[in-house]
Amino acid sequence: MTLIARLRIILNDVDPQPMRHIEVPLKIRLDQLHDVIQAAMGWTDTHLYEFRVGDAGWGVPDPDGFYDGPMDAKKMALEKLIDQTGTRTIQYIYVLDVTEN
């Protein structure tokens, strides 16, 4: 039996506040969850992302190792993250560049 996580995605600082509800396998890796969120929101995966819980973050680490950034999202499953942190809220950071040319 596959355990399912029911997630509510809410965009902060947007009015009206868009919301999506998705269901994913609890064992999904965070990099795969990123892809699901991109599809659910209709985004095109053109920016870096990060999942944050407290002071810890998971995303795409710097391949050169110069930047002390997020841990590798490919190495963390949603179930493991919830078990390790005890959290029910995970912040997903995906910054769109809205600067004018």
# chains A, B, ... in the order shown; residues from 1 in each chain; ligands from 1

$ closest_atom_pairs --of "region 29-75 of chain A" --to "region 11-22 of chain A" --cutoff "12 Å" --atoms "only C-alpha atoms" --output "tab-separated table"
residue	atom	partner	partner_atom	distance
A:Leu33	CA	A:Ile22	CA	10.3
A:Val36	CA	A:Ile22	CA	8.5
A:Ile37	CA	A:Ile22	CA	8.4
A:Gln38	CA	A:Arg20	CA	11.2
A:Ala39	CA	A:Ile22	CA	10.5
A:Ala40	CA	A:Arg20	CA	7.1
A:Met41	CA	A:Arg20	CA	7.6
A:Gly42	CA	A:Arg20	CA	10.9

$ select_by_dssp --residues "chain A" --states "alpha helix (DSSP H)" --output "MDAnalysis selection string"
chainID A and resid 30:41 78:85

$ write_last_selection --atoms "all heavy atoms" --output "compact mmCIF listing (two decimals), in the first residue's frame"
# COMPACT_ATOMS: atom_id res chain seq x y z
N LEU A 30 12.24 15.20 -2.76
CA LEU A 30 11.93 16.62 -2.86
C LEU A 30 12.16 17.18 -4.26
O LEU A 30 11.44 18.08 -4.69
CB LEU A 30 12.71 17.42 -1.82
CG LEU A 30 12.37 17.13 -0.36
CD1 LEU A 30 13.16 18.04 0.56
CD2 LEU A 30 10.87 17.25 -0.10
N ASP A 31 13.14 16.67 -4.99
CA ASP A 31 13.34 17.15 -6.37
C ASP A 31 12.15 16.76 -7.24
O ASP A 31 11.74 17.52 -8.13
CB ASP A 31 14.65 16.64 -6.96
CG ASP A 31 14.70 15.13 -7.11
OD1 ASP A 31 14.39 14.42 -6.14
OD2 ASP A 31 15.05 14.66 -8.22
N GLN A 32 11.56 15.61 -6.98
CA GLN A 32 10.37 15.18 -7.73
C GLN A 32 9.15 16.01 -7.30
O GLN A 32 8.32 16.36 -8.14
CB GLN A 32 10.11 13.69 -7.50
CG GLN A 32 11.21 12.81 -8.04
CD GLN A 32 11.10 11.38 -7.54
OE1 GLN A 32 10.77 11.14 -6.38
NE2 GLN A 32 11.39 10.44 -8.42
N LEU A 33 9.06 16.32 -6.01
CA LEU A 33 7.97 17.16 -5.53
C LEU A 33 8.05 18.54 -6.17
O LEU A 33 7.02 19.12 -6.53
CB LEU A 33 8.01 17.26 -4.00
CG LEU A 33 6.93 18.12 -3.35
CD1 LEU A 33 5.53 17.66 -3.74
CD2 LEU A 33 7.11 18.12 -1.84
N HIS A 34 9.24 19.04 -6.35
CA HIS A 34 9.43 20.32 -7.06
C HIS A 34 8.80 20.24 -8.45
O HIS A 34 8.08 21.16 -8.86
CB HIS A 34 10.92 20.64 -7.15
CG HIS A 34 11.27 21.63 -8.21
ND1 HIS A 34 10.95 22.96 -8.13
CD2 HIS A 34 11.89 21.46 -9.41
CE1 HIS A 34 11.37 23.58 -9.23
NE2 HIS A 34 11.94 22.68 -10.01
N ASP A 35 9.04 19.15 -9.17
CA ASP A 35 8.48 19.00 -10.52
C ASP A 35 6.95 18.97 -10.48
O ASP A 35 6.28 19.54 -11.34
CB ASP A 35 9.00 17.72 -11.18
CG ASP A 35 10.48 17.79 -11.51
OD1 ASP A 35 11.03 18.92 -11.64
OD2 ASP A 35 11.10 16.72 -11.64
N VAL A 36 6.38 18.31 -9.47
CA VAL A 36 4.92 18.24 -9.33
C VAL A 36 4.35 19.63 -9.05
O VAL A 36 3.34 20.03 -9.63
CB VAL A 36 4.52 17.24 -8.21
CG1 VAL A 36 3.03 17.32 -7.92
CG2 VAL A 36 4.93 15.83 -8.59
N ILE A 37 5.01 20.38 -8.17
CA ILE A 37 4.55 21.73 -7.86
C ILE A 37 4.61 22.61 -9.10
O ILE A 37 3.70 23.39 -9.38
CB ILE A 37 5.36 22.34 -6.69
CG1 ILE A 37 5.05 21.58 -5.40
CG2 ILE A 37 5.06 23.83 -6.54
CD1 ILE A 37 5.95 21.95 -4.24
N GLN A 38 5.69 22.49 -9.87
CA GLN A 38 5.81 23.27 -11.11
C GLN A 38 4.63 23.00 -12.03
O GLN A 38 4.04 23.93 -12.59
CB GLN A 38 7.13 22.92 -11.82
CG GLN A 38 8.37 23.44 -11.12
CD GLN A 38 8.47 24.94 -11.19
OE1 GLN A 38 8.49 25.53 -12.26
NE2 GLN A 38 8.54 25.58 -10.04
N ALA A 39 4.28 21.73 -12.20
CA ALA A 39 3.17 21.36 -13.07
C ALA A 39 1.84 21.87 -12.51
O ALA A 39 1.01 22.40 -13.25
CB ALA A 39 3.12 19.85 -13.25
N ALA A 40 1.65 21.74 -11.20
CA ALA A 40 0.39 22.16 -10.57
C ALA A 40 0.18 23.67 -10.69
O ALA A 40 -0.96 24.13 -10.82
CB ALA A 40 0.37 21.75 -9.10
N MET A 41 1.27 24.43 -10.66
CA MET A 41 1.15 25.87 -10.72
C MET A 41 1.22 26.40 -12.16
O MET A 41 1.02 27.59 -12.39
CB MET A 41 2.27 26.52 -9.88
CG MET A 41 2.22 26.16 -8.40
SD MET A 41 0.62 26.47 -7.61
CE MET A 41 0.50 28.23 -7.68
N LEU A 78 10.07 13.25 1.14
CA LEU A 78 9.10 13.98 1.94
C LEU A 78 8.85 13.27 3.27
O LEU A 78 8.84 13.90 4.33
CB LEU A 78 7.79 14.13 1.15
CG LEU A 78 6.66 14.86 1.84
CD1 LEU A 78 7.07 16.28 2.23
CD2 LEU A 78 5.42 14.88 0.94
N GLU A 79 8.67 11.97 3.22
CA GLU A 79 8.41 11.19 4.44
C GLU A 79 9.56 11.35 5.44
O GLU A 79 9.34 11.57 6.64
CB GLU A 79 8.21 9.72 4.09
CG GLU A 79 7.95 8.84 5.28
CD GLU A 79 7.71 7.39 4.88
OE1 GLU A 79 8.40 6.88 3.97
OE2 GLU A 79 6.82 6.78 5.49
N LYS A 80 10.78 11.25 4.96
CA LYS A 80 11.96 11.37 5.83
C LYS A 80 12.05 12.78 6.42
O LYS A 80 12.36 12.95 7.60
CB LYS A 80 13.21 11.04 5.02
CG LYS A 80 14.48 11.03 5.82
CD LYS A 80 15.64 10.59 4.93
CE LYS A 80 16.97 10.66 5.66
NZ LYS A 80 18.09 10.32 4.76
N LEU A 81 11.76 13.79 5.60
CA LEU A 81 11.79 15.17 6.07
C LEU A 81 10.79 15.38 7.20
O LEU A 81 11.11 15.96 8.23
CB LEU A 81 11.49 16.13 4.91
CG LEU A 81 11.36 17.60 5.26
CD1 LEU A 81 12.68 18.15 5.76
CD2 LEU A 81 10.87 18.38 4.07
N ILE A 82 9.59 14.87 7.02
CA ILE A 82 8.55 15.01 8.05
C ILE A 82 8.96 14.26 9.32
O ILE A 82 8.82 14.78 10.43
CB ILE A 82 7.20 14.52 7.52
CG1 ILE A 82 6.71 15.46 6.42
CG2 ILE A 82 6.17 14.42 8.65
CD1 ILE A 82 5.53 14.94 5.64
N ASP A 83 9.48 13.04 9.16
CA ASP A 83 9.91 12.25 10.32
C ASP A 83 11.04 12.94 11.08
O ASP A 83 11.05 12.96 12.30
CB ASP A 83 10.36 10.86 9.89
CG ASP A 83 9.22 9.94 9.51
OD1 ASP A 83 8.05 10.28 9.81
OD2 ASP A 83 9.48 8.90 8.88
N GLN A 84 12.01 13.50 10.36
CA GLN A 84 13.17 14.11 11.00
C GLN A 84 12.87 15.45 11.66
O GLN A 84 13.46 15.79 12.67
CB GLN A 84 14.31 14.29 9.99
CG GLN A 84 14.99 13.01 9.61
CD GLN A 84 16.15 13.23 8.65
OE1 GLN A 84 16.44 14.34 8.23
NE2 GLN A 84 16.83 12.16 8.31
N THR A 85 11.95 16.22 11.07
CA THR A 85 11.71 17.56 11.57
C THR A 85 10.43 17.68 12.40
O THR A 85 10.28 18.63 13.17
CB THR A 85 11.62 18.58 10.42
OG1 THR A 85 10.50 18.25 9.60
CG2 THR A 85 12.90 18.58 9.60

$ atom_distance --atom1 "CA of Gly86 (chain A)" --atom2 "CA of Leu48 (chain A)"
25.5 Å

$ residues_around --residues "region 55-65 of chain A" --least-positions-apart "2" --cutoff "10 Å" --atoms "only C-alpha atoms" --output "ChimeraX atom specification"
/A:30-31,34,48-53,67-76,81,85,90-93

$ atom_distance --atom1 "CA of Trp43 (chain A)" --atom2 "CA of Leu3 (chain A)"
26.6 Å

$ atom_distance --atom1 "CA of Ile4 (chain A)" --atom2 "CA of Ala77 (chain A)"
12.8 Å

$ select_by_dssp --residues "region 38-70 of chain A" --states "strand (DSSP E)" --output "MDAnalysis selection string"
chainID A and resid 49:53 56:59

$ residues_around --residues "Val24 (chain A)" --least-positions-apart "4" --cutoff "7 Å" --atoms "only C-alpha atoms" --output "list in words"
Ile4, Ala5, Arg6 and Ile28 of chain A

$ write_last_selection --atoms "all heavy atoms" --output "PDB file, in the first residue's frame"
ATOM      1  N   ILE A   4      -0.138   8.239   0.936  1.00  0.00           N
ATOM      2  CA  ILE A   4      -0.307   9.464   0.177  1.00  0.00           C
ATOM      3  C   ILE A   4      -0.243  10.673   1.110  1.00  0.00           C
ATOM      4  O   ILE A   4      -0.821  10.657   2.199  1.00  0.00           O
ATOM      5  CB  ILE A   4      -1.662   9.469  -0.560  1.00  0.00           C
ATOM      6  CG1 ILE A   4      -1.759   8.300  -1.525  1.00  0.00           C
ATOM      7  CG2 ILE A   4      -1.922  10.794  -1.270  1.00  0.00           C
ATOM      8  CD1 ILE A   4      -0.785   8.341  -2.665  1.00  0.00           C
ATOM      9  N   ALA A   5       0.423  11.715   0.640  1.00  0.00           N
ATOM     10  CA  ALA A   5       0.431  12.996   1.352  1.00  0.00           C
ATOM     11  C   ALA A   5      -0.487  13.953   0.599  1.00  0.00           C
ATOM     12  O   ALA A   5      -0.369  14.085  -0.621  1.00  0.00           O
ATOM     13  CB  ALA A   5       1.844  13.556   1.420  1.00  0.00           C
ATOM     14  N   ARG A   6      -1.396  14.569   1.296  1.00  0.00           N
ATOM     15  CA  ARG A   6      -2.265  15.589   0.710  1.00  0.00           C
ATOM     16  C   ARG A   6      -1.674  16.946   1.074  1.00  0.00           C
ATOM     17  O   ARG A   6      -1.590  17.293   2.256  1.00  0.00           O
ATOM     18  CB  ARG A   6      -3.681  15.467   1.238  1.00  0.00           C
ATOM     19  CG  ARG A   6      -4.358  14.234   0.744  1.00  0.00           C
ATOM     20  CD  ARG A   6      -5.814  14.189   1.131  1.00  0.00           C
ATOM     21  NE  ARG A   6      -6.393  12.989   0.556  1.00  0.00           N
ATOM     22  CZ  ARG A   6      -7.138  12.138   1.223  1.00  0.00           C
ATOM     23  NH1 ARG A   6      -7.417  12.365   2.490  1.00  0.00           N
ATOM     24  NH2 ARG A   6      -7.622  11.066   0.631  1.00  0.00           N
ATOM     25  N   ILE A  28       7.926  10.401  -2.021  1.00  0.00           N
ATOM     26  CA  ILE A  28       8.453  11.206  -3.112  1.00  0.00           C
ATOM     27  C   ILE A  28       9.686  11.982  -2.656  1.00  0.00           C
ATOM     28  O   ILE A  28       9.733  12.494  -1.537  1.00  0.00           O
ATOM     29  CB  ILE A  28       7.358  12.166  -3.651  1.00  0.00           C
ATOM     30  CG1 ILE A  28       7.784  12.788  -4.986  1.00  0.00           C
ATOM     31  CG2 ILE A  28       7.012  13.239  -2.626  1.00  0.00           C
ATOM     32  CD1 ILE A  28       6.663  13.547  -5.683  1.00  0.00           C
TER      33      ILE A  28
END
